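Peer 1: Below is upload-v6.cif; it holds mmCIF, C-alpha atoms.
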```
data_data
#
loop_
_atom_site.label_atom_id
_atom_site.label_comp_id
_atom_site.auth_asym_id
_atom_site.auth_seq_id
_atom_site.Cartn_x
_atom_site.Cartn_y
_atom_site.Cartn_z
CA MET A 31 116.79 148.41 88.02
CA ALA A 32 116.70 145.92 85.17
CA GLY A 33 116.40 143.06 87.70
CA ARG A 34 113.52 144.79 89.45
CA SER A 35 111.61 145.32 86.18
CA GLN A 36 111.94 141.60 85.35
CA LEU A 37 110.45 140.54 88.65
CA PRO A 38 106.74 140.59 87.64
CA VAL A 39 107.62 138.69 84.48
CA GLN A 40 109.47 136.08 86.52
CA ILE A 41 106.48 135.74 88.85
CA MET A 42 104.16 135.24 85.91
CA GLU A 43 106.54 132.70 84.44
CA ASN A 44 106.64 130.84 87.75
CA GLN A 45 102.88 130.81 87.83
CA THR A 46 102.56 129.39 84.35
CA ARG A 47 105.40 126.99 85.05
CA PHE A 48 103.56 125.30 87.91
CA ASP A 49 103.05 121.71 86.87
CA LEU A 50 100.09 120.26 88.72
CA ASN A 51 100.83 116.68 87.71
CA ALA A 52 104.45 116.99 88.89
CA ALA A 53 103.28 118.49 92.19
CA ILE A 54 100.84 115.61 92.69
CA GLU A 55 103.61 113.18 91.79
CA ASN A 56 105.86 114.71 94.49
CA TRP A 57 103.03 114.57 97.00
CA ARG A 58 102.42 110.94 96.06
CA ASN A 59 106.11 110.15 96.65
CA GLU A 60 105.94 111.76 100.05
CA LEU A 61 102.84 109.70 100.80
CA ALA A 62 104.59 106.51 99.67
CA ALA A 63 107.34 107.24 102.19
CA GLN A 64 104.86 106.81 105.05
CA PRO A 65 105.39 103.27 106.29
CA HIS A 66 101.94 102.50 107.63
CA LEU A 67 99.86 103.30 104.61
CA ALA A 68 98.78 100.46 102.34
CA SER A 69 98.48 101.06 98.59
CA ASP A 70 94.70 101.19 98.98
CA ASP A 71 95.02 103.93 101.64
CA ARG A 72 97.37 105.93 99.40
CA ARG A 73 95.02 105.57 96.45
CA GLU A 74 92.12 106.80 98.56
CA LEU A 75 94.06 109.82 99.85
CA GLU A 76 95.19 110.72 96.35
CA THR A 77 91.62 110.56 95.11
CA HIS A 78 90.69 112.91 97.94
CA LEU A 79 93.49 115.30 97.00
CA ARG A 80 92.35 115.35 93.38
CA ASP A 81 88.73 115.95 94.45
CA ALA A 82 89.82 118.80 96.71
CA ILE A 83 91.94 120.35 93.93
CA ALA A 84 88.99 120.15 91.54
CA GLY A 85 86.77 121.76 94.18
CA PHE A 86 89.12 124.74 94.60
CA GLN A 87 89.54 125.07 90.84
CA GLN A 88 85.77 125.32 90.50
CA LEU A 89 85.87 128.21 92.95
CA GLY A 90 88.17 130.00 90.51
CA LEU A 91 91.56 129.34 92.07
CA ASN A 92 94.50 128.50 89.83
CA ASP A 93 96.30 125.13 89.81
CA GLU A 94 98.99 126.16 92.25
CA GLU A 95 96.63 127.71 94.80
CA SER A 96 94.26 124.78 94.50
CA PHE A 97 97.05 122.28 95.01
CA TRP A 98 98.49 123.97 98.09
CA LEU A 99 95.11 124.51 99.69
CA ALA A 100 94.12 120.88 99.04
CA CYS A 101 97.40 119.71 100.63
CA LYS A 102 96.76 121.92 103.62
CA LYS A 103 93.24 120.55 104.01
CA ILE A 104 94.42 116.96 103.90
CA GLY A 105 96.94 117.69 106.63
CA GLN A 106 100.43 116.51 107.50
CA LEU A 107 101.13 113.17 105.93
CA ARG A 108 103.28 112.01 108.84
CA GLN A 109 100.41 112.65 111.24
CA ILE A 110 98.00 110.77 108.99
CA GLY A 111 100.48 107.89 108.83
CA LYS A 112 100.54 107.77 112.65
CA GLU A 113 96.74 107.51 112.80
CA PHE A 114 96.75 104.67 110.28
CA LYS A 115 99.44 102.96 112.35
CA LYS A 116 97.20 103.03 115.44
CA ASN A 117 94.43 101.27 113.48
CA LYS A 118 96.81 98.69 112.12
CA ILE A 119 98.28 97.71 115.48
CA PHE A 120 94.85 97.31 117.03
CA THR A 121 93.55 95.18 114.15
CA MET A 122 96.68 93.06 114.20
CA ASN A 123 96.43 92.37 117.93
CA LYS A 124 92.82 91.32 117.68
CA ARG A 125 93.45 89.00 114.75
CA VAL A 126 96.59 87.43 116.19
CA ILE A 127 95.02 86.77 119.57
CA GLY A 128 91.88 85.36 117.97
CA PHE A 129 93.76 83.20 115.52
CA GLY A 130 96.33 82.05 118.08
CA THR A 131 93.79 81.16 120.73
CA GLY A 132 91.53 79.32 118.29
CA TYR A 133 94.44 77.48 116.75
CA GLY A 134 95.88 76.62 120.16
CA LEU A 135 92.63 75.31 121.58
CA VAL A 136 91.88 73.16 118.55
CA THR A 137 95.40 71.74 118.23
CA GLY A 138 95.66 71.23 121.98
CA PHE A 139 92.52 69.13 121.92
CA VAL A 140 93.58 67.25 118.79
CA MET A 141 96.98 66.48 120.33
CA PHE A 142 95.25 65.19 123.42
CA LEU A 143 93.09 62.84 121.29
CA VAL A 144 96.19 61.75 119.36
CA GLY A 145 97.87 61.02 122.69
CA LEU A 146 94.95 58.84 123.80
CA TRP A 147 94.92 57.01 120.50
CA LEU A 148 98.65 56.39 120.69
CA ALA A 149 98.32 55.07 124.22
CA TYR A 150 96.10 52.31 122.84
CA ARG A 151 98.06 51.70 119.66
CA ALA A 152 101.43 51.92 121.43
CA ASP A 153 103.50 52.31 118.27
CA ALA A 154 106.97 53.16 119.60
CA GLY A 155 107.92 55.44 116.69
CA LEU A 156 104.70 57.43 116.82
CA VAL A 157 104.78 57.69 120.61
CA LYS A 158 108.31 59.08 120.37
CA LEU A 159 107.21 61.66 117.79
CA PHE A 160 104.22 62.62 119.90
CA LEU A 161 106.40 63.02 122.99
CA MET A 162 108.86 65.15 121.01
CA LEU A 163 106.07 67.42 119.75
CA ASN A 164 104.67 67.83 123.23
CA ALA A 165 107.96 67.84 125.07
CA PRO A 166 107.50 71.36 126.51
CA ALA A 167 104.04 70.52 127.89
CA ILE A 168 105.08 67.18 129.32
CA GLY A 169 108.31 68.74 130.60
CA LEU A 170 106.29 71.40 132.40
CA ILE A 171 104.25 68.79 134.26
CA THR A 172 107.18 66.58 135.19
CA ARG A 173 109.06 69.66 136.37
CA LEU A 174 106.15 70.60 138.63
CA HIS A 175 105.53 67.11 139.95
CA GLY A 176 108.79 65.23 139.47
CA ASP A 177 108.60 61.46 139.25
CA SER A 178 105.58 61.34 141.55
CA TYR A 179 103.27 62.50 138.75
CA ASP A 180 100.37 60.11 138.31
CA TRP A 181 99.58 60.03 134.59
CA GLY A 182 96.60 57.76 135.06
CA SER A 183 94.57 59.78 137.62
CA ASN A 184 91.79 62.21 136.70
CA ALA A 185 93.71 65.15 138.19
CA GLY A 186 96.78 64.12 136.22
CA LEU A 187 94.76 63.91 133.01
CA LEU A 188 93.26 67.35 133.63
CA GLN A 189 96.70 68.84 134.23
CA LEU A 190 97.93 67.20 131.04
CA ILE A 191 95.07 68.75 129.05
CA ILE A 192 95.72 72.17 130.58
CA ALA A 193 99.44 71.89 129.87
CA PHE A 194 98.72 70.91 126.25
CA LEU A 195 96.31 73.82 125.84
CA ILE A 196 98.79 76.34 127.30
CA TYR A 197 101.59 74.98 125.18
CA TRP A 198 99.63 74.87 121.92
CA THR A 199 97.94 78.22 122.52
CA THR A 200 101.32 79.89 123.07
CA LEU A 201 102.73 78.15 120.03
CA GLY A 202 99.58 78.96 118.05
CA THR A 203 99.82 82.66 118.94
CA LEU A 204 103.42 82.77 117.79
CA VAL A 205 102.58 80.92 114.56
CA GLY A 206 99.62 83.27 114.08
CA LEU A 207 101.86 86.30 114.48
CA VAL A 208 104.39 85.00 111.95
CA LEU A 209 101.65 84.03 109.49
CA TYR A 210 99.96 87.40 109.89
CA ILE A 211 103.12 89.35 109.13
CA TRP A 212 104.18 87.02 106.35
CA LEU A 213 100.96 86.21 104.54
CA MET A 214 98.17 88.64 105.32
CA PRO A 215 97.85 91.61 102.96
CA PRO A 216 97.44 95.01 104.65
CA GLN A 217 93.92 95.42 103.33
CA ASN A 218 92.27 92.09 103.97
CA ARG A 219 88.95 92.89 102.37
CA LYS A 220 85.77 91.15 103.18
CA THR A 221 82.83 91.04 100.77
CA PRO A 222 80.82 94.22 101.26
CA LYS A 223 77.26 93.74 102.48
CA ARG A 224 74.73 96.50 102.19
CA ALA A 225 72.28 97.12 104.98
CA MET B 535 77.29 139.80 115.09
CA TYR B 536 77.59 136.88 117.49
CA LYS B 537 79.80 134.15 116.09
CA THR B 538 79.57 130.60 117.47
CA ALA B 539 82.91 129.13 118.41
CA MET B 540 84.36 126.08 116.68
CA LEU B 541 83.79 122.76 118.40
CA THR B 542 86.54 121.52 120.70
CA LYS B 543 88.81 118.72 119.52
CA ASP B 544 87.30 116.26 122.02
CA LEU B 545 83.75 117.00 120.97
CA VAL B 546 84.65 116.72 117.29
CA ALA B 547 86.26 113.33 117.95
CA ALA B 548 83.31 112.07 120.02
CA SER B 549 80.74 113.15 117.47
CA SER B 550 82.53 111.69 114.46
CA LYS B 551 80.97 108.23 114.82
CA PRO B 552 77.31 109.31 114.97
CA LEU B 553 77.89 111.90 112.26
CA LEU B 554 79.49 109.43 109.88
CA LEU B 555 76.91 106.74 110.53
CA SER B 556 74.08 109.24 110.08
CA ILE B 557 75.47 110.53 106.81
CA LEU B 558 75.95 107.01 105.48
CA ALA B 559 72.48 106.00 106.67
CA GLY B 560 71.24 108.57 104.14
CA GLY B 561 73.10 106.81 101.32
CA GLU B 562 76.55 105.76 100.23
CA SER B 563 79.24 108.41 100.09
CA TYR B 564 82.99 108.96 99.74
CA GLY B 565 85.53 110.84 101.84
CA TYR B 566 85.54 114.20 100.11
CA GLU B 567 81.76 114.33 99.89
CA ILE B 568 81.41 113.40 103.58
CA ILE B 569 83.77 116.23 104.59
CA GLN B 570 81.79 118.70 102.49
CA LYS B 571 78.52 117.48 103.98
CA VAL B 572 79.76 117.84 107.57
CA ARG B 573 81.05 121.34 106.86
CA GLU B 574 77.75 122.31 105.29
CA LEU B 575 75.61 120.77 108.07
CA SER B 576 77.59 122.40 110.84
CA GLY B 577 77.87 125.74 109.12
CA GLY B 578 81.63 125.40 109.25
CA GLN B 579 81.72 124.80 113.02
CA ILE B 580 82.93 121.25 112.65
CA GLU B 581 86.22 121.29 110.79
CA TRP B 582 87.75 117.87 110.24
CA SER B 583 91.26 117.54 108.99
CA ASP B 584 90.52 115.81 105.69
CA GLY B 585 93.22 113.18 106.03
CA MET B 586 92.14 112.21 109.53
CA LEU B 587 88.71 111.18 108.28
CA TYR B 588 90.05 108.01 106.69
CA PRO B 589 91.47 106.34 109.82
CA VAL B 590 88.07 106.95 111.45
CA LEU B 591 86.23 105.45 108.48
CA HIS B 592 88.58 102.47 108.47
CA ARG B 593 88.01 101.96 112.19
CA LEU B 594 84.24 101.89 111.66
CA GLU B 595 84.78 99.47 108.81
CA ARG B 596 86.98 97.25 110.95
CA ASP B 597 84.23 97.20 113.59
CA GLY B 598 81.76 96.05 110.93
CA LEU B 599 79.63 99.20 111.11
CA ILE B 600 80.31 100.27 107.54
CA ASP B 601 81.60 98.65 104.36
CA SER B 602 83.29 100.02 101.30
CA GLU B 603 83.94 99.39 97.65
CA TRP B 604 85.79 101.11 94.82
CA LYS B 605 83.46 102.38 92.15
CA GLU B 606 83.73 104.57 89.11
CA ALA B 607 82.07 107.95 89.59
CA ASP B 608 80.25 109.96 86.90
CA THR B 609 83.48 111.84 86.27
CA GLY B 610 85.20 108.60 85.33
CA ARG B 611 87.41 108.79 88.42
CA GLU B 612 87.39 105.81 90.75
CA ARG B 613 86.38 106.52 94.30
CA LYS B 614 86.04 104.42 97.41
CA TYR B 615 82.41 104.55 98.48
CA TYR B 616 81.35 103.76 102.01
CA PHE B 617 77.96 102.44 103.03
CA ILE B 618 76.38 101.53 106.32
CA SER B 619 75.97 97.88 107.36
CA SER B 620 73.10 96.38 109.35
CA ASP B 621 75.31 96.45 112.48
CA GLY B 622 76.00 100.10 111.72
CA ARG B 623 72.29 100.88 111.71
CA LYS B 624 71.93 99.23 115.10
CA ALA B 625 74.92 101.18 116.43
CA LEU B 626 73.43 104.40 115.03
CA LYS B 627 70.20 103.75 116.90
CA THR B 628 72.13 103.42 120.17
CA GLU B 629 74.24 106.50 119.42
CA ARG B 630 71.11 108.48 118.67
CA GLN B 631 69.52 107.53 122.00
CA GLN B 632 72.69 108.42 123.90
CA TRP B 633 73.23 111.77 122.20
CA LEU B 634 69.59 112.74 122.60
CA ALA B 635 69.74 111.79 126.27
CA VAL B 636 72.67 114.21 126.71
CA HIS B 637 70.92 116.80 124.57
CA ASN B 638 67.67 116.56 126.53
CA SER B 639 69.44 116.79 129.86
CA LEU B 640 71.14 119.96 128.72
CA CYS B 641 67.86 121.31 127.32
CA LYS B 642 66.22 120.86 130.73
CA LEU B 643 69.10 122.59 132.44
CA TRP B 644 69.06 125.46 129.97
CA LYS B 645 65.24 125.52 129.80
CA ILE B 646 65.01 124.77 126.08
CA LYS B 647 62.36 122.48 124.62
CA PRO B 648 63.79 118.93 124.44
CA VAL B 649 63.51 116.52 121.50
CA SER B 650 61.57 113.25 121.80
CA ILE B 651 63.76 110.12 121.68
#
```
What's the structure tokens form of this structure?
Peer 2:
Amino acid sequence: MAGRSQLPVQIMENQTRFDLNAAIENWRNELAAQPHLASDDRRELETHLRDAIAGFQQLGLNDEESFWLACKKIGQLRQIGKEFKKNKIFTMNKRVIGFGTGYGLVTGFVMFLVGLWLAYRADAGLVKLFLMLNAPAIGLITRLHGDSYDWGSNAGLLQLIIAFLIYWTTLGTLVGLVLYIWLMPPQNRKTPKRA
Amino acid sequence: MYKTAMLTKDLVAASSKPLLLSILAGGESYGYEIIQKVRELSGGQIEWSDGMLYPVLHRLERDGLIDSEWKEADTGRERKYYFISSDGRKALKTERQQWLAVHNSLCKLWKIKPVSI
């Protein structure tokens, strides 16, 4: 009987005990546990949560009701994390392919010019270094043609250029991938331009 | 009283781009305000999950159709405001033509007066 009579008091106490800041803090921790959200994304979602809470409070709901309704409106954090992940993967692919291809084409061409220059200069040390750098490309050609490969013909030169481009583009894509993961911040902002 | 049904998930997803671009063409805005505006415009028929709005906004931003910046609001709270870019305006024009083409086709089929494009 005594326990039953205390129940409404306990409920009231629970209501007054609800700490909105602590609840937001817990929500923030749960958000931080989502691996694909950058700090900027988390900040934006928290701002939204606070706006939604304020909106419900203006409608006359108490802190607890406002908080839970705002959480419900925002949706499941794991699901949101998945959506952000989709964006991230797509952006990454586009950047890596673009960077890798550009890098590969430029370096492939530069290496070809270096090769021509070395052929005229014929410095043994530099030629050796050049051959070492391009070993996979040169190896590919000699593997395809064996000793009969004619380095001096136009067709041979074209094949050499193509082999260099393939080699450096592949290498460039790999370097691009490593650089992207290592260096690029999740939110690589560009300067906003208004229309 | 007759109550119009909520939009299907596919239709909501397909209409998100023109809706967002149209709202931002009217002036810069932030996530919560955009959600409120869509709810108000659609009379509650279009219900976006609030959290799912941001990946869509970020996708549009990635495609160069909108831009964003953090700014302090009147309340003193910082918010990320989105605004339409010149490419976004062009994309909106195309979206508008496409949606009106669908709309007008349906109007003809249902014998309703179409809208000029």
Peer 1: What would the list of residues within 10 Å of (75.2, 109.2, 118.6) (file frame) look like as JSON, numbers by chain, if all atoms listed in the file are what count?
Peer 2: {"B": [548, 549, 550, 551, 552, 553, 554, 555, 556, 625, 626, 627, 628, 629, 630, 631, 632, 633, 634, 635, 636]}
Peer 1: I'd like the interatomic distance between CA of Thr203 (chain A) and CA of Ser69 (chain A), to a tenth of an Å.
Peer 2: 27.5 Å
Peer 1: Please report as a VMD selection string which residues of chain B come no farther than 12 Å from chain A, using only C-alpha atoms.
Peer 2: chain B and resid 558 to 562 564 to 570 581 to 607 609 to 624
Peer 1: Would you compute the distance between CA of Leu188 (chain A) and CA of Thr131 (chain A)? Give it in Å to one decimal.
Peer 2: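 Computed distance, CA of Leu188 (chain A) to CA of Thr131 (chain A), equals 18.9 Å.
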Peer 1: May I ask for the distance between CA of Thr199 (chain A) and CA of Gly128 (chain A), given in Å to one decimal place?
Peer 2: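 Between CA of Thr199 (chain A) and CA of Gly128 (chain A) the gap is 10.4 Å.
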Peer 1: Calculated over all atoms listed in the file, which of the candidates B:Asp608, B:Gly578, B:Val572, B:Ile646 has the smallest distance to Met540 (chain B)?
Peer 2: B:Gly578
Peer 1: Please output region 544-576 of chain B, rebuilt to include N, CA and C atoms, as a PDB file, in the frame of the given file.
Peer 2:
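Final output, saved to part_38.pdb:
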```pdb
ATOM      1  N   ASP B 544      87.908 117.436 121.383  1.00  0.00           N
ATOM      2  CA  ASP B 544      87.300 116.260 122.020  1.00  0.00           C
ATOM      3  C   ASP B 544      85.878 116.022 121.525  1.00  0.00           C
ATOM      4  N   LEU B 545      85.135 117.110 121.410  1.00  0.00           N
ATOM      5  CA  LEU B 545      83.750 117.000 120.970  1.00  0.00           C
ATOM      6  C   LEU B 545      83.680 116.566 119.503  1.00  0.00           C
ATOM      7  N   VAL B 546      84.593 117.099 118.710  1.00  0.00           N
ATOM      8  CA  VAL B 546      84.650 116.720 117.290  1.00  0.00           C
ATOM      9  C   VAL B 546      84.933 115.220 117.185  1.00  0.00           C
ATOM     10  N   ALA B 547      85.887 114.756 117.995  1.00  0.00           N
ATOM     11  CA  ALA B 547      86.260 113.330 117.950  1.00  0.00           C
ATOM     12  C   ALA B 547      85.081 112.452 118.398  1.00  0.00           C
ATOM     13  N   ALA B 548      84.419 112.879 119.482  1.00  0.00           N
ATOM     14  CA  ALA B 548      83.310 112.070 120.020  1.00  0.00           C
ATOM     15  C   ALA B 548      82.128 112.017 119.067  1.00  0.00           C
ATOM     16  N   SER B 549      81.919 113.111 118.335  1.00  0.00           N
ATOM     17  CA  SER B 549      80.740 113.150 117.470  1.00  0.00           C
ATOM     18  C   SER B 549      80.991 112.551 116.084  1.00  0.00           C
ATOM     19  N   SER B 550      82.225 112.176 115.821  1.00  0.00           N
ATOM     20  CA  SER B 550      82.530 111.690 114.460  1.00  0.00           C
ATOM     21  C   SER B 550      81.768 110.403 114.127  1.00  0.00           C
ATOM     22  N   LYS B 551      81.658 109.501 115.096  1.00  0.00           N
ATOM     23  CA  LYS B 551      80.970 108.230 114.820  1.00  0.00           C
ATOM     24  C   LYS B 551      79.485 108.427 114.472  1.00  0.00           C
ATOM     25  N   PRO B 552      78.712 109.131 115.351  1.00  0.00           N
ATOM     26  CA  PRO B 552      77.310 109.310 114.970  1.00  0.00           C
ATOM     27  C   PRO B 552      77.125 110.125 113.696  1.00  0.00           C
ATOM     28  N   LEU B 553      78.015 111.086 113.478  1.00  0.00           N
ATOM     29  CA  LEU B 553      77.890 111.900 112.260  1.00  0.00           C
ATOM     30  C   LEU B 553      78.119 111.038 111.015  1.00  0.00           C
ATOM     31  N   LEU B 554      79.182 110.257 111.049  1.00  0.00           N
ATOM     32  CA  LEU B 554      79.490 109.430 109.880  1.00  0.00           C
ATOM     33  C   LEU B 554      78.408 108.392 109.626  1.00  0.00           C
ATOM     34  N   LEU B 555      77.956 107.754 110.700  1.00  0.00           N
ATOM     35  CA  LEU B 555      76.910 106.740 110.530  1.00  0.00           C
ATOM     36  C   LEU B 555      75.617 107.372 110.022  1.00  0.00           C
ATOM     37  N   SER B 556      75.311 108.564 110.523  1.00  0.00           N
ATOM     38  CA  SER B 556      74.080 109.240 110.080  1.00  0.00           C
ATOM     39  C   SER B 556      74.158 109.631 108.617  1.00  0.00           C
ATOM     40  N   ILE B 557      75.313 110.135 108.220  1.00  0.00           N
ATOM     41  CA  ILE B 557      75.470 110.530 106.810  1.00  0.00           C
ATOM     42  C   ILE B 557      75.328 109.303 105.906  1.00  0.00           C
ATOM     43  N   LEU B 558      75.987 108.219 106.317  1.00  0.00           N
ATOM     44  CA  LEU B 558      75.950 107.010 105.480  1.00  0.00           C
ATOM     45  C   LEU B 558      74.588 106.313 105.538  1.00  0.00           C
ATOM     46  N   ALA B 559      73.842 106.567 106.600  1.00  0.00           N
ATOM     47  CA  ALA B 559      72.480 106.000 106.670  1.00  0.00           C
ATOM     48  C   ALA B 559      71.600 106.652 105.598  1.00  0.00           C
ATOM     49  N   GLY B 560      71.989 107.853 105.182  1.00  0.00           N
ATOM     50  CA  GLY B 560      71.240 108.570 104.140  1.00  0.00           C
ATOM     51  C   GLY B 560      71.642 108.143 102.741  1.00  0.00           C
ATOM     52  N   GLY B 561      72.640 107.281 102.632  1.00  0.00           N
ATOM     53  CA  GLY B 561      73.100 106.810 101.320  1.00  0.00           C
ATOM     54  C   GLY B 561      74.604 106.724 101.265  1.00  0.00           C
ATOM     55  N   GLU B 562      75.103 105.944 100.322  1.00  0.00           N
ATOM     56  CA  GLU B 562      76.550 105.760 100.230  1.00  0.00           C
ATOM     57  C   GLU B 562      77.260 107.076  99.897  1.00  0.00           C
ATOM     58  N   SER B 563      78.500 107.170 100.332  1.00  0.00           N
ATOM     59  CA  SER B 563      79.240 108.410 100.090  1.00  0.00           C
ATOM     60  C   SER B 563      80.741 108.129 100.127  1.00  0.00           C
ATOM     61  N   TYR B 564      81.529 109.099  99.721  1.00  0.00           N
ATOM     62  CA  TYR B 564      82.990 108.960  99.740  1.00  0.00           C
ATOM     63  C   TYR B 564      83.585 110.096 100.560  1.00  0.00           C
ATOM     64  N   GLY B 565      84.858 109.926 100.918  1.00  0.00           N
ATOM     65  CA  GLY B 565      85.530 110.840 101.840  1.00  0.00           C
ATOM     66  C   GLY B 565      85.320 112.318 101.611  1.00  0.00           C
ATOM     67  N   TYR B 566      85.610 112.767 100.396  1.00  0.00           N
ATOM     68  CA  TYR B 566      85.540 114.200 100.110  1.00  0.00           C
ATOM     69  C   TYR B 566      84.109 114.713 100.278  1.00  0.00           C
ATOM     70  N   GLU B 567      83.170 113.921  99.813  1.00  0.00           N
ATOM     71  CA  GLU B 567      81.760 114.330  99.890  1.00  0.00           C
ATOM     72  C   GLU B 567      81.300 114.383 101.364  1.00  0.00           C
ATOM     73  N   ILE B 568      81.779 113.430 102.152  1.00  0.00           N
ATOM     74  CA  ILE B 568      81.410 113.400 103.580  1.00  0.00           C
ATOM     75  C   ILE B 568      81.913 114.665 104.278  1.00  0.00           C
ATOM     76  N   ILE B 569      83.176 115.018 103.993  1.00  0.00           N
ATOM     77  CA  ILE B 569      83.770 116.230 104.590  1.00  0.00           C
ATOM     78  C   ILE B 569      82.943 117.469 104.229  1.00  0.00           C
ATOM     79  N   GLN B 570      82.569 117.547 102.959  1.00  0.00           N
ATOM     80  CA  GLN B 570      81.790 118.700 102.490  1.00  0.00           C
ATOM     81  C   GLN B 570      80.434 118.755 103.202  1.00  0.00           C
ATOM     82  N   LYS B 571      79.840 117.570 103.361  1.00  0.00           N
ATOM     83  CA  LYS B 571      78.520 117.480 103.980  1.00  0.00           C
ATOM     84  C   LYS B 571      78.568 117.937 105.447  1.00  0.00           C
ATOM     85  N   VAL B 572      79.616 117.474 106.149  1.00  0.00           N
ATOM     86  CA  VAL B 572      79.760 117.840 107.570  1.00  0.00           C
ATOM     87  C   VAL B 572      79.963 119.344 107.709  1.00  0.00           C
ATOM     88  N   ARG B 573      80.778 119.892 106.822  1.00  0.00           N
ATOM     89  CA  ARG B 573      81.050 121.340 106.860  1.00  0.00           C
ATOM     90  C   ARG B 573      79.756 122.112 106.637  1.00  0.00           C
ATOM     91  N   GLU B 574      79.005 121.649 105.659  1.00  0.00           N
ATOM     92  CA  GLU B 574      77.750 122.310 105.290  1.00  0.00           C
ATOM     93  C   GLU B 574      76.714 122.204 106.436  1.00  0.00           C
ATOM     94  N   LEU B 575      76.580 121.001 106.988  1.00  0.00           N
ATOM     95  CA  LEU B 575      75.610 120.770 108.070  1.00  0.00           C
ATOM     96  C   LEU B 575      75.907 121.600 109.304  1.00  0.00           C
ATOM     97  N   SER B 576      77.200 121.707 109.600  1.00  0.00           N
ATOM     98  CA  SER B 576      77.590 122.400 110.840  1.00  0.00           C
ATOM     99  C   SER B 576      77.813 123.890 110.636  1.00  0.00           C
TER     100      SER B 576
END
```
